[in-house]
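What follows is a single structure, written as C-alpha cells, with notes after it.
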Amino acid sequence: AAYLAVQKKIKKHTIKGGIRYTSTKLETSFDTNVITNALNIKKEDLYTNAITPSVGYIFKKDNSKFYCSLSSAFKTPNVDDFGKVFEKSGNLTIPNTKLKPENSINYEIGSNFIQKHVDLDFAAYFTKVFNLMTKMQTTLNGVDSIDLNGNNLNLVSLQNSGTANI
C-alpha cells in the first residue's frame with residue numbers, strides 16, 4: 001500500500017486530502033481430502049486493488065469547530081472470506097476466485113464547542129457500501145451440488161451482490 005496526504009491551513013480554515021493505493025495477493029493451497037478431491041480444488045489465488053481518496057474541511061473559530069469530510073474505503077476478502085471450504089446445514093462453502101473487495105463512500109458533518117467544563121459535539125454520518133460480500137448459491141464446472149458420502153450438498157460461495165446504507 002502507498003498513501004499520500006496533503007493539508008493546507010488558511011487562517012481559520014483547514015483543507016485536508018489524501019489518497020491510498022492498496023494491492024493484495026491472497027494465495028491458498030488446499031490439503032488433499034474428500035471434499036477438495038471431489039471438487040478438484042488444489043490452489044486458488046485472488047488479486048485485488050483499491051484506490052481510496054478522502055477530502056475534509058475544518059473551520060475553527062474561538063472555542064468552536066465545524067468539520068465535514070467525504071471519503072472512500074474498502075474491505076478486501078481475507079482468508080476466511082476466500083479460502084475456507086466447509087460444510088454446514090447442507091451447504092458446502094467453496095472459494096470464489098472472482099470475489100472483489102467491498103467498497104464504501106462515507107460522508108460526515110459535525111461541530112464541536114468547548115467552554116471551560118463543557119465539551120459539546122454533534123456529528124452526522126452516512127455510509128453507502130457497494131459489492132457486499134454475501135453467501136449465495138453457486139456452481140462449479142456447471143454443477144450446483146455435490147454428493148459426499150450419500151449427502152447431497154448445495155454449493156455456496158461468497159459473492160458480490162447489492163448495496164447497503166449505514
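Note on naming: chains are A, B, ... as they come in the C-alpha cells, residues start from 1 per chain, ligands start from 1 in the order shown.
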Just want the 9 Å neighbourhood of Val79 in chain A, counted on only C-alpha atoms, with same-chain residues fewer than 3 positions away dropped. Output as JSON, numbers by chain. {"A": [26, 27, 28, 82, 83, 84]}
Give me a file of those residues, with N, CA, C and O atoms, as an mmCIF file, in the first residue's frame.
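Written output follows (out_4.cif):
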```cif
data_model
loop_
_atom_site.group_PDB
_atom_site.id
_atom_site.type_symbol
_atom_site.label_atom_id
_atom_site.label_comp_id
_atom_site.auth_asym_id
_atom_site.auth_seq_id
_atom_site.Cartn_x
_atom_site.Cartn_y
_atom_site.Cartn_z
ATOM 1 N N LEU A 26 -3.700 -12.904 -2.422
ATOM 2 C CA LEU A 26 -4.024 -13.975 -1.482
ATOM 3 C C LEU A 26 -3.854 -15.300 -2.212
ATOM 4 O O LEU A 26 -4.475 -15.538 -3.246
ATOM 5 N N GLU A 27 -2.974 -16.139 -1.688
ATOM 6 C CA GLU A 27 -2.741 -17.456 -2.276
ATOM 7 C C GLU A 27 -3.171 -18.517 -1.275
ATOM 8 O O GLU A 27 -2.817 -18.434 -0.100
ATOM 9 N N THR A 28 -3.930 -19.495 -1.738
ATOM 10 C CA THR A 28 -4.358 -20.574 -0.860
ATOM 11 C C THR A 28 -4.012 -21.911 -1.493
ATOM 12 O O THR A 28 -4.186 -22.109 -2.691
ATOM 13 N N PHE A 82 -12.352 -15.961 1.528
ATOM 14 C CA PHE A 82 -11.972 -16.549 0.250
ATOM 15 C C PHE A 82 -11.636 -18.032 0.301
ATOM 16 O O PHE A 82 -12.048 -18.791 -0.560
ATOM 17 N N GLY A 83 -10.880 -18.462 1.305
ATOM 18 C CA GLY A 83 -10.270 -19.781 1.232
ATOM 19 C C GLY A 83 -10.874 -20.890 2.057
ATOM 20 O O GLY A 83 -10.406 -22.024 1.994
ATOM 21 N N LYS A 84 -11.908 -20.615 2.840
ATOM 22 C CA LYS A 84 -12.472 -21.682 3.656
ATOM 23 C C LYS A 84 -13.331 -22.615 2.817
ATOM 24 O O LYS A 84 -14.145 -22.176 2.013
#
```
If we count only C-alpha atoms, what is near range 97-103 of chain A at a cut-off of 10 Å, once residues fewer than 4 positions away on the same chain are taken out, given as a PyMOL selection string? chain A and resi 44-52+72-78+81-83+128-133+157-161+163
Report, in Å to a single decimal, how far apart CA of Lys12 in chain A and CA of Lys60 in chain A are.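 That distance, rounded to one decimal, is 5.3 Å.
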Considering only C-alpha atoms, state which residue in the set A:Leu148, A:Leu70, A:Val6, A:Ile35 is at the smallest distance from Phe86 in chain A. A:Ile35
Go through range 5-157 of chain A and collect every residue that DSSP, computed from the backbone, puts in helix (DSSP H, G or I); the answer should be as a list of chain:residue names.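 Restricting range 5-157 of chain A to helix (DSSP H, G or I) produces A:Val34, A:Ile35, A:Thr36, A:Asn37, A:Ala38, A:Leu39, A:Val79, A:Asp80, A:Asp81, A:Phe82, A:Gly83.
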Shortest interatomic distance to Thr32 in chain A - which of A:Glu108, A:Ser71, A:Val85, A:Thr14, counting only C-alpha atoms: A:Val85
Residues within 8 Å of Thr138 in chain A, please, as JSON, numbers by chain. Count only C-alpha atoms; anything in the same chain fewer than 3 positions from it doesn't count. {"A": [144, 155, 156, 157]}
Give me the residues near Lys65 in chain A as a list of chain:residue names, where near means some atom within 9 Å (using only C-alpha atoms) and where sequence neighbours in that chain fewer than 2 positions away do not count. A:Ile58, A:Phe59, A:Lys60, A:Lys61, A:Asp62, A:Asn63, A:Tyr67, A:Gly110, A:Ser111, A:Asn112, A:Phe113, A:Ile114
I need the residues from that last selection saved to file as a CSV table (one decimal), in the first residue's frame (with all heavy atoms), if you can.
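Output saved as again_12.csv:
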```csv
chain,number,residue,atom,x,y,z
A,58,ILE,N,-12.2,21.8,7.8
A,58,ILE,CA,-12.4,22.2,9.2
A,58,ILE,C,-12.3,23.7,9.2
A,58,ILE,O,-11.5,24.4,8.7
A,58,ILE,CB,-11.2,21.6,10.1
A,58,ILE,CG1,-11.2,20.1,10.0
A,58,ILE,CG2,-11.4,22.1,11.5
A,58,ILE,CD1,-9.9,19.5,10.6
A,59,PHE,N,-13.3,24.3,10.0
A,59,PHE,CA,-13.3,25.7,10.3
A,59,PHE,C,-13.3,25.9,11.8
A,59,PHE,O,-14.2,25.4,12.5
A,59,PHE,CB,-14.6,26.4,9.7
A,59,PHE,CG,-14.7,27.8,10.1
A,59,PHE,CD1,-13.9,28.8,9.5
A,59,PHE,CD2,-15.7,28.2,11.0
A,59,PHE,CE1,-14.1,30.1,9.9
A,59,PHE,CE2,-15.8,29.5,11.4
A,59,PHE,CZ,-15.0,30.5,10.8
A,60,LYS,N,-12.3,26.6,12.3
A,60,LYS,CA,-12.2,26.8,13.7
A,60,LYS,C,-12.4,28.3,14.0
A,60,LYS,O,-11.7,29.1,13.3
A,60,LYS,CB,-10.9,26.4,14.3
A,60,LYS,CG,-10.7,24.9,14.3
A,60,LYS,CD,-9.3,24.5,14.9
A,60,LYS,CE,-9.1,23.0,15.0
A,60,LYS,NZ,-7.8,22.7,15.6
A,61,LYS,N,-13.2,28.6,15.0
A,61,LYS,CA,-13.3,30.0,15.5
A,61,LYS,C,-13.5,30.0,17.0
A,61,LYS,O,-14.4,29.3,17.5
A,61,LYS,CB,-14.5,30.7,14.8
A,61,LYS,CG,-14.6,32.1,15.2
A,61,LYS,CD,-15.8,32.8,14.4
A,61,LYS,CE,-15.8,34.3,14.9
A,61,LYS,NZ,-16.9,34.9,14.4
A,62,ASP,N,-12.6,30.6,17.7
A,62,ASP,CA,-12.6,30.7,19.1
A,62,ASP,C,-12.7,29.3,19.7
A,62,ASP,O,-11.8,28.5,19.5
A,62,ASP,CB,-13.8,31.6,19.6
A,62,ASP,CG,-13.7,33.0,19.1
A,62,ASP,OD1,-12.5,33.5,19.0
A,62,ASP,OD2,-14.7,33.6,18.8
A,63,ASN,N,-13.8,28.9,20.4
A,63,ASN,CA,-13.9,27.6,21.1
A,63,ASN,C,-14.8,26.7,20.3
A,63,ASN,O,-15.2,25.6,20.8
A,63,ASN,CB,-14.5,27.8,22.5
A,63,ASN,CG,-13.5,28.5,23.4
A,63,ASN,OD1,-12.3,28.5,23.2
A,63,ASN,ND2,-14.1,29.2,24.4
A,67,TYR,N,-16.8,20.8,10.9
A,67,TYR,CA,-16.0,20.0,10.0
A,67,TYR,C,-16.9,19.1,9.2
A,67,TYR,O,-18.1,18.9,9.5
A,67,TYR,CB,-15.0,19.1,10.8
A,67,TYR,CG,-15.7,18.1,11.8
A,67,TYR,CD1,-16.1,16.9,11.4
A,67,TYR,CD2,-16.0,18.5,13.1
A,67,TYR,CE1,-16.8,16.0,12.3
A,67,TYR,CE2,-16.7,17.7,14.0
A,67,TYR,CZ,-17.1,16.4,13.6
A,67,TYR,OH,-17.7,15.6,14.4
A,110,GLY,N,-20.1,17.7,11.1
A,110,GLY,CA,-20.3,17.9,12.6
A,110,GLY,C,-19.7,19.2,13.1
A,110,GLY,O,-19.2,20.0,12.3
A,111,SER,N,-19.9,19.4,14.4
A,111,SER,CA,-19.4,20.6,15.0
A,111,SER,C,-19.0,20.3,16.4
A,111,SER,O,-19.5,19.3,17.0
A,111,SER,CB,-20.4,21.7,15.0
A,111,SER,OG,-21.6,21.4,15.7
A,112,ASN,N,-18.2,21.1,17.0
A,112,ASN,CA,-17.7,20.9,18.4
A,112,ASN,C,-17.6,22.3,19.1
A,112,ASN,O,-17.2,23.2,18.4
A,112,ASN,CB,-16.3,20.2,18.3
A,112,ASN,CG,-15.7,20.1,19.6
A,112,ASN,OD1,-14.8,20.9,19.9
A,112,ASN,ND2,-16.0,19.1,20.4
A,113,PHE,N,-18.0,22.3,20.3
A,113,PHE,CA,-17.9,23.5,21.1
A,113,PHE,C,-17.4,23.2,22.5
A,113,PHE,O,-17.8,22.3,23.1
A,113,PHE,CB,-19.3,24.2,21.3
A,113,PHE,CG,-19.3,25.4,22.1
A,113,PHE,CD1,-18.8,26.6,21.7
A,113,PHE,CD2,-19.8,25.3,23.5
A,113,PHE,CE1,-18.8,27.7,22.5
A,113,PHE,CE2,-19.7,26.4,24.3
A,113,PHE,CZ,-19.3,27.6,23.8
A,114,ILE,N,-16.3,23.9,22.8
A,114,ILE,CA,-15.6,23.6,24.1
A,114,ILE,C,-15.6,24.9,24.9
A,114,ILE,O,-15.2,26.0,24.4
A,114,ILE,CB,-14.2,23.1,24.0
A,114,ILE,CG1,-14.2,21.8,23.2
A,114,ILE,CG2,-13.5,23.0,25.3
A,114,ILE,CD1,-12.8,21.3,22.9
```
Minimum-distance residue to Leu120 in chain A, chosen among A:Ser64, A:Gln137, A:Gln7, A:Asn40 (using only C-alpha atoms):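 When distances to Leu120 in chain A are compared using only C-alpha atoms, the smallest one comes from A:Ser64.
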